[in-house]
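A short write-up of the structure that comes next.
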Protein chains: 2
Amino acid sequence: MSPRKPSTKDLTKEMIINEAHKQFITKDFQQISMRSIAKELGCSHGAIYYHFKNKAEIFYAILSDYFSELNNTLNENMDGPEDHNTKLLNVFVGFMAFGLNNQSQYELMFIMRDREIDGLSQEAANLSYEEFAQSVRSLSKTELLISDIHSTFIALHGFVAHYRHYVKNYEEAKEAVDVHAKFLIKALTFRE
Amino acid sequence: MSPRKPSTKDLTKEMIINEAHKQFITKDFQQISMRSIAKELGCSHGAIYYHFKNKAEIFYAILSDYFSELNNTLNENMDGPEDHNTKLLNVFVGFMAFGLNNQSQYELMFIMRDREIDGLSQEAANLSYEEFAQSVRSLSKTELLISDIHSTFIALHGFVAHYRHYVKNYEEAKEAVDVHAKFLIKALTFRE
DNA sequence: CTTATTGTTAACCACTGGTCAAAAAGGAGA
DNA sequence: TCTCCTTTTTGACCAGTGGTTAACAATAAG
């Protein structure tokens with residue numbers, strides 16, 4: 001009916017992702033709608049479907065950045081002057097801090113991850129876990145059971161999944177994070 | 001427009017809850033709509049709002065039963081002929097089994113629990129935790145740190161939150177559940 | 001000056017949770 | 001039986017969702 005948008009700034013994938021990403025900081029996946037993105041971008045929501053096949057595809061693109069960030073955080077903790085035990089603690093704390101500081105993202109990366117964002121993100125999650133497991137293994141003085149590493153990861157995940165209901169960010173759960181991390185180190189260290 | 005439903009079976013809260021509960025076994029909170037409940041009940045969805053103020057209220061009523069069931073499972077594991085360590089294992093396994101066998105319910109009880117089902121269920125969740133903590137404390141031979149008990153609970157929660165993506169019920173994760181439970185017992189038992 | 005391609009719009013679909021005026025059902029009393 | 005009243009129920013309606021698609025505008029290619 002009405003002519004093409006007068007201000008002809010072509011819509012790009014990047015613009016869409018940027019806007020979605022912007023909203024993703026304060027809102028979660030469900031609260032962000034194609035229409036809210038379109039509105040902020042000054043286009044119709046139908047236009048977005050030309051660039052992305054659905055809502056999940058937009059968010060998957062965003063999530064891959066966050067998976068990278070998580071992996072980077074992990075690696076940064078690996079090379080440093082500290083001793084192995086300190087590094088291990090930092091890896092644990094780093095994981096929980098990431099989850100608490102990026103709650104909406106973490107939810108999609110590790111918690112929701114159902115049909116919506118489908119298998120794509122699941123693969124990235126598995127990769128992140130592999131990296132985590134490898135790091136923990138190399139930081140341990142003794143040979144660890146892979147099941148123990150797995151249990152440790154699950155325990156870290158549990159912490160984030162639980163505390164995101166009570167705190168807004170890592171800062172607010174600093175002490176609890178530390179306590180939990182030390183509990184896990186104790187558990188890993190113990191050999192019968 | 002059309003006259004009142006011919007077959008006059010008055011709608012009751014119980015009927016609504018039963019139907020919602022029935023659907024809750026195969027679908028999750030989001031997949032169940034007021035209209036799907038009404039359709040199965042042969043009434044209009046508006047009628048349901050006469051008996052319940054909103055969707056959350058229906059599901060909160062259902063959840064309280066599940067919280068009771070979880071608490072009962074816990075208590076059943078407490079009194080028995082087994083030794084303390086076996087009981088402790090059963091408590092851990094019991095919690096994870098419950099979560100994996102009632103995934104939709106567990107999600108609402110401990111994972112979603114945001115605005116939707118609001119604070120009501122949070123209170124029940126805290127109560128469940130208290131009961132859990134008390135049980136663990138009484139089953140331990142030595143005096144436990146409350147932080148260790150809390151970390152253990154979080155680790156159990158993490159297991160359910162993680163494995164519900166991969167298995168349909170407890171049976172499918174039996175071995176992993178056992179391994180995780182034993183890891184946590186080891187962690188709790190260890191004293192430096 | 002056509003023609004084809006790329007982008008964009010807006011109407012449309014089938015849903016959702018929730019509200020509410022109106023009407024129906026059923027009982028009590030005359 | 002005929003009112004009168006209360007409790008239930010209906011279905012139209014609202015504002016919103018993700019997703020599709022015919023039509024059309026802008027641009028580039030021939």
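By convention here, the chains of the structure tokens are called A, B, ... in the order presented, each chain's residues are numbered starting at 1, and ligands are numbered starting at 1 in the order presented.
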Item to check | Residue hits in chain D, query chain B, radius 10 Å, only C-alpha atoms (C1' of nucleotides), as JSON, numbers by chain | outcome: {"D": [8, 9, 10, 11, 12]}
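With chain A superimposed on chain B by least squares using every Cα atom in order, the two chains differ by 0.2 Å RMSD.
Among the candidates C:DT3, C:DT9, C:DA14, C:DA23, the residue lying nearest to DT17 (chain D) is C:DA14 (atoms considered: only C-alpha atoms (C1' of nucleotides)).
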Item to check | Spatial neighbours of DA29 (chain D), 12 Å, only C-alpha atoms (C1' of nucleotides), chain gap at least 5 places, as an NGL selection string | outcome: :C and (2-5)
Checklist entry - Mind pulling up the distance from C1' of DA28 (chain D) to C1' of DT6 (chain C)? => result 9.5 Å
Could you build a table of the residues in chain C lying no more than 12 Å from chain B, giving for each the nearest pair of atoms and their separation in Å rounded to one decimal place, using only C-alpha atoms (C1' of nucleotides), ordered by chain and ascending residue number, as a Markdown table?
```
| residue | atom | partner | partner_atom | distance |
| --- | --- | --- | --- | --- |
| C:DC15 | C1' | B:Ser33 | CA | 10.0 |
| C:DT16 | C1' | B:Ser33 | CA | 7.5 |
| C:DG17 | C1' | B:Met34 | CA | 7.7 |
| C:DG18 | C1' | B:Asn54 | CA | 7.9 |
| C:DT19 | C1' | B:Gly46 | CA | 8.9 |
| C:DC20 | C1' | B:Gly46 | CA | 9.7 |
| C:DA22 | C1' | B:Met1 | CA | 10.0 |
| C:DA23 | C1' | B:Met1 | CA | 8.6 |
| C:DA24 | C1' | B:Arg4 | CA | 6.0 |
| C:DA25 | C1' | B:Arg4 | CA | 8.0 |
| C:DG26 | C1' | B:Thr8 | CA | 11.2 |
```
File dump, residues just selected, N, CA and C atoms (P, O5', C5', C4', C3', O3' and C1' of nucleotides), as a PDB file, in the first residue's frame:
```pdb
ATOM      1  P    DC C  15      -4.835 -23.399  15.129  1.00  0.00           P
ATOM      2  O5'  DC C  15      -4.070 -23.133  16.498  1.00  0.00           O
ATOM      3  C5'  DC C  15      -4.497 -22.046  17.341  1.00  0.00           C
ATOM      4  C4'  DC C  15      -3.274 -21.346  17.844  1.00  0.00           C
ATOM      5  C3'  DC C  15      -3.441 -20.843  19.269  1.00  0.00           C
ATOM      6  O3'  DC C  15      -3.067 -21.854  20.189  1.00  0.00           O
ATOM      7  C1'  DC C  15      -2.496 -19.158  17.875  1.00  0.00           C
ATOM      8  P    DT C  16      -3.858 -21.978  21.554  1.00  0.00           P
ATOM      9  O5'  DT C  16      -3.190 -20.847  22.460  1.00  0.00           O
ATOM     10  C5'  DT C  16      -1.764 -20.796  22.611  1.00  0.00           C
ATOM     11  C4'  DT C  16      -1.408 -19.478  23.263  1.00  0.00           C
ATOM     12  C3'  DT C  16      -2.278 -19.115  24.448  1.00  0.00           C
ATOM     13  O3'  DT C  16      -1.786 -19.781  25.590  1.00  0.00           O
ATOM     14  C1'  DT C  16      -1.935 -17.213  23.045  1.00  0.00           C
ATOM     15  P    DG C  17      -2.708 -19.936  26.878  1.00  0.00           P
ATOM     16  O5'  DG C  17      -2.770 -18.473  27.485  1.00  0.00           O
ATOM     17  C5'  DG C  17      -1.582 -17.895  28.021  1.00  0.00           C
ATOM     18  C4'  DG C  17      -1.904 -16.535  28.586  1.00  0.00           C
ATOM     19  C3'  DG C  17      -2.920 -16.565  29.732  1.00  0.00           C
ATOM     20  O3'  DG C  17      -2.543 -15.611  30.719  1.00  0.00           O
ATOM     21  C1'  DG C  17      -3.771 -15.275  27.945  1.00  0.00           C
ATOM     22  P    DG C  18      -3.443 -15.524  32.061  1.00  0.00           P
ATOM     23  O5'  DG C  18      -4.534 -14.427  31.686  1.00  0.00           O
ATOM     24  C5'  DG C  18      -4.070 -13.142  31.253  1.00  0.00           C
ATOM     25  C4'  DG C  18      -5.265 -12.298  30.856  1.00  0.00           C
ATOM     26  C3'  DG C  18      -6.444 -12.328  31.836  1.00  0.00           C
ATOM     27  O3'  DG C  18      -6.662 -11.010  32.318  1.00  0.00           O
ATOM     28  C1'  DG C  18      -7.158 -12.499  29.589  1.00  0.00           C
ATOM     29  P    DT C  19      -7.792 -10.693  33.413  1.00  0.00           P
ATOM     30  O5'  DT C  19      -8.952 -10.040  32.531  1.00  0.00           O
ATOM     31  C5'  DT C  19      -8.632  -8.925  31.715  1.00  0.00           C
ATOM     32  C4'  DT C  19      -9.898  -8.416  31.045  1.00  0.00           C
ATOM     33  C3'  DT C  19     -11.108  -8.253  31.979  1.00  0.00           C
ATOM     34  O3'  DT C  19     -11.639  -6.951  31.749  1.00  0.00           O
ATOM     35  C1'  DT C  19     -11.714  -9.519  30.073  1.00  0.00           C
ATOM     36  P    DC C  20     -12.655  -6.303  32.824  1.00  0.00           P
ATOM     37  O5'  DC C  20     -14.057  -6.473  32.082  1.00  0.00           O
ATOM     38  C5'  DC C  20     -14.146  -6.242  30.677  1.00  0.00           C
ATOM     39  C4'  DC C  20     -15.509  -6.694  30.174  1.00  0.00           C
ATOM     40  C3'  DC C  20     -16.617  -6.678  31.240  1.00  0.00           C
ATOM     41  O3'  DC C  20     -17.778  -6.130  30.662  1.00  0.00           O
ATOM     42  C1'  DC C  20     -16.516  -8.789  30.224  1.00  0.00           C
ATOM     43  P    DA C  22     -24.707  -5.413  27.883  1.00  0.00           P
ATOM     44  O5'  DA C  22     -25.196  -6.894  27.606  1.00  0.00           O
ATOM     45  C5'  DA C  22     -24.780  -7.548  26.408  1.00  0.00           C
ATOM     46  C4'  DA C  22     -25.069  -9.029  26.499  1.00  0.00           C
ATOM     47  C3'  DA C  22     -26.511  -9.360  26.921  1.00  0.00           C
ATOM     48  O3'  DA C  22     -27.035 -10.265  25.982  1.00  0.00           O
ATOM     49  C1'  DA C  22     -24.960 -10.617  28.186  1.00  0.00           C
ATOM     50  P    DA C  23     -28.679 -10.398  25.890  1.00  0.00           P
ATOM     51  O5'  DA C  23     -28.865 -11.972  26.032  1.00  0.00           O
ATOM     52  C5'  DA C  23     -27.883 -12.826  25.463  1.00  0.00           C
ATOM     53  C4'  DA C  23     -27.714 -14.050  26.327  1.00  0.00           C
ATOM     54  C3'  DA C  23     -29.043 -14.637  26.841  1.00  0.00           C
ATOM     55  O3'  DA C  23     -29.073 -16.003  26.522  1.00  0.00           O
ATOM     56  C1'  DA C  23     -27.473 -14.505  28.582  1.00  0.00           C
ATOM     57  P    DA C  24     -30.542 -16.709  26.301  1.00  0.00           P
ATOM     58  O5'  DA C  24     -30.288 -18.188  26.840  1.00  0.00           O
ATOM     59  C5'  DA C  24     -28.990 -18.750  26.735  1.00  0.00           C
ATOM     60  C4'  DA C  24     -28.635 -19.464  28.018  1.00  0.00           C
ATOM     61  C3'  DA C  24     -29.766 -20.303  28.609  1.00  0.00           C
ATOM     62  O3'  DA C  24     -29.305 -21.638  28.718  1.00  0.00           O
ATOM     63  C1'  DA C  24     -28.724 -19.000  30.291  1.00  0.00           C
ATOM     64  P    DA C  25     -30.289 -22.816  29.063  1.00  0.00           P
ATOM     65  O5'  DA C  25     -30.007 -23.017  30.619  1.00  0.00           O
ATOM     66  C5'  DA C  25     -28.678 -23.282  31.036  1.00  0.00           C
ATOM     67  C4'  DA C  25     -28.644 -23.471  32.537  1.00  0.00           C
ATOM     68  C3'  DA C  25     -29.790 -24.316  33.083  1.00  0.00           C
ATOM     69  O3'  DA C  25     -29.222 -25.330  33.890  1.00  0.00           O
ATOM     70  C1'  DA C  25     -29.656 -22.224  34.238  1.00  0.00           C
ATOM     71  P    DG C  26     -30.100 -26.502  34.445  1.00  0.00           P
ATOM     72  O5'  DG C  26     -30.397 -26.025  35.935  1.00  0.00           O
ATOM     73  C5'  DG C  26     -29.328 -25.537  36.733  1.00  0.00           C
ATOM     74  C4'  DG C  26     -29.876 -24.898  37.990  1.00  0.00           C
ATOM     75  C3'  DG C  26     -31.116 -25.602  38.550  1.00  0.00           C
ATOM     76  O3'  DG C  26     -30.836 -25.994  39.890  1.00  0.00           O
ATOM     77  C1'  DG C  26     -31.463 -23.253  38.394  1.00  0.00           C
TER      78       DG C  26
END
```
May I have a table of the residues of chain A lying at most 6 Å from chain B, giving each one's closest pair of atoms and their distance in Å to one decimal, counting only C-alpha atoms, ordered by chain and ascending residue number, as a tab-separated table?
```
residue	atom	partner	partner_atom	distance
A:Ser151	CA	B:His180	CA	5.8
A:Ile154	CA	B:Gly158	CA	5.2
A:Ala155	CA	B:Ala155	CA	3.9
A:His157	CA	B:Gly158	CA	5.5
A:Gly158	CA	B:Gly158	CA	3.3
A:Phe159	CA	B:Ile154	CA	5.6
A:His180	CA	B:Ser151	CA	5.8
A:Ala187	CA	B:Ala187	CA	4.3
```
Writing out the chosen residues with C-alpha atoms as a CSV table (one decimal), in the first residue's frame:
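For reference, again06.csv as written:
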```csv
chain,number,residue,atom,x,y,z
A,151,SER,CA,29.7,-34.3,37.9
A,154,ILE,CA,26.9,-30.5,36.3
A,155,ALA,CA,27.3,-29.1,39.8
A,157,HIS,CA,25.6,-25.7,36.0
A,158,GLY,CA,23.3,-26.4,38.9
A,159,PHE,CA,24.7,-23.4,40.7
A,180,HIS,CA,30.7,-23.8,45.9
A,187,ALA,CA,35.5,-33.2,46.0
```
